[in-house]
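A quick write-up on the structure given underneath.
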Amino acid sequence: MNKNIKEALREMMEIISKRVPQGHKKKDSVNIYIAGGIATYFYSATRVSRDVDAILSHNVRIPTNLSVYWENESGEMEELVYDHGFMSLGGILPEGYETRAYLQYEIDNKLKVYILSPEDLILSKLIRFADHDEADIKSIVANSDAKKEKFRKLAEEYIEFGVGFRKQSAKINLEHILEIFDRFGD
């Protein structure tokens, strides 16, 4: 039994790694970029998500009902589910998020597991900006090495060139997030 959510995530990544064709072992590996609540947990050990939001660099046939279990601090079993409905953030994140992500580990020389950089993770929450997103952003800013100016530059670029959202709302959210940096950042 997995003792914490990070162990559960690793077990899930090992299952996914088994689905990566052997050809990737000799060529380039498949990269998976973890976003959402799980990535937030890596930075802040606060809100625990029940699903894994991820972006894959290559198509991998992931089992339809992929889930693993772990034991929480109260000794209760929790289920961690792979979210097949999570849409690629390629349209939400500015170019280069892959190079800013932090490598966590590699499995069987086929699958590299990354966590989005804190700035890109915050940016992924900019448009929706639900209550839990705001709490996540505060926690990420307070507990990571997120840089305000780096975030501002990425966010302004995204707002300028992004599509499918109201730019004025995004600008208002950006100002609020920059205030969060002022209150909770270094």
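As shown in the structure tokens, the chain order sets the letters A, B, ...; within each chain, residues go from 1, and ligands are also counted from 1 in the order they appear.
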
- Item | Per-residue DSSP, stretch 54-166 of chain A, filtered to strand (DSSP E or B), as an MDAnalysis selection string | chainID A and resid 54:56 67:71 77:82 102:107 111:115

- Counting only C-alpha atoms, what is within 7 Å of stretch 156-161 of chain A, bar same-chain residues fewer than 5 positions away, as a count of residues only? 3

- Coordinates-based distance that separates atom CA of A:Asp145 from atom CA of A:Trp70 (Å, one decimal):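 Here the two named atoms are 28.1 Å from each other.
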
- Message: Report, in Å with one decimal, the straight-line distance from atom CA of A:Lys6 to atom CA of A:Tyr41.
- Response: 8.9 Å

- Out of A:Ala45, A:Leu9, A:Lys171, A:Ser124, which residue has the shortest atom-to-atom distance to A:Gln104 when counting only C-alpha atoms? A:Leu9

- Give the alpha helix (DSSP H) residues of stretch 3-175 of chain A, as DSSP finds them on the backbone, and put them as a ChimeraX atom specification. /A:5-19,23-26,36-44,97-100,118-123,131-143,148-161,167-175

- Return the single residue from A:Ala8, A:Glu76, A:Ile122, A:Lys3 that is closest to A:Tyr97, with distances computed using only C-alpha atoms.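 For A:Tyr97, the nearest of the given residues is A:Ile122.
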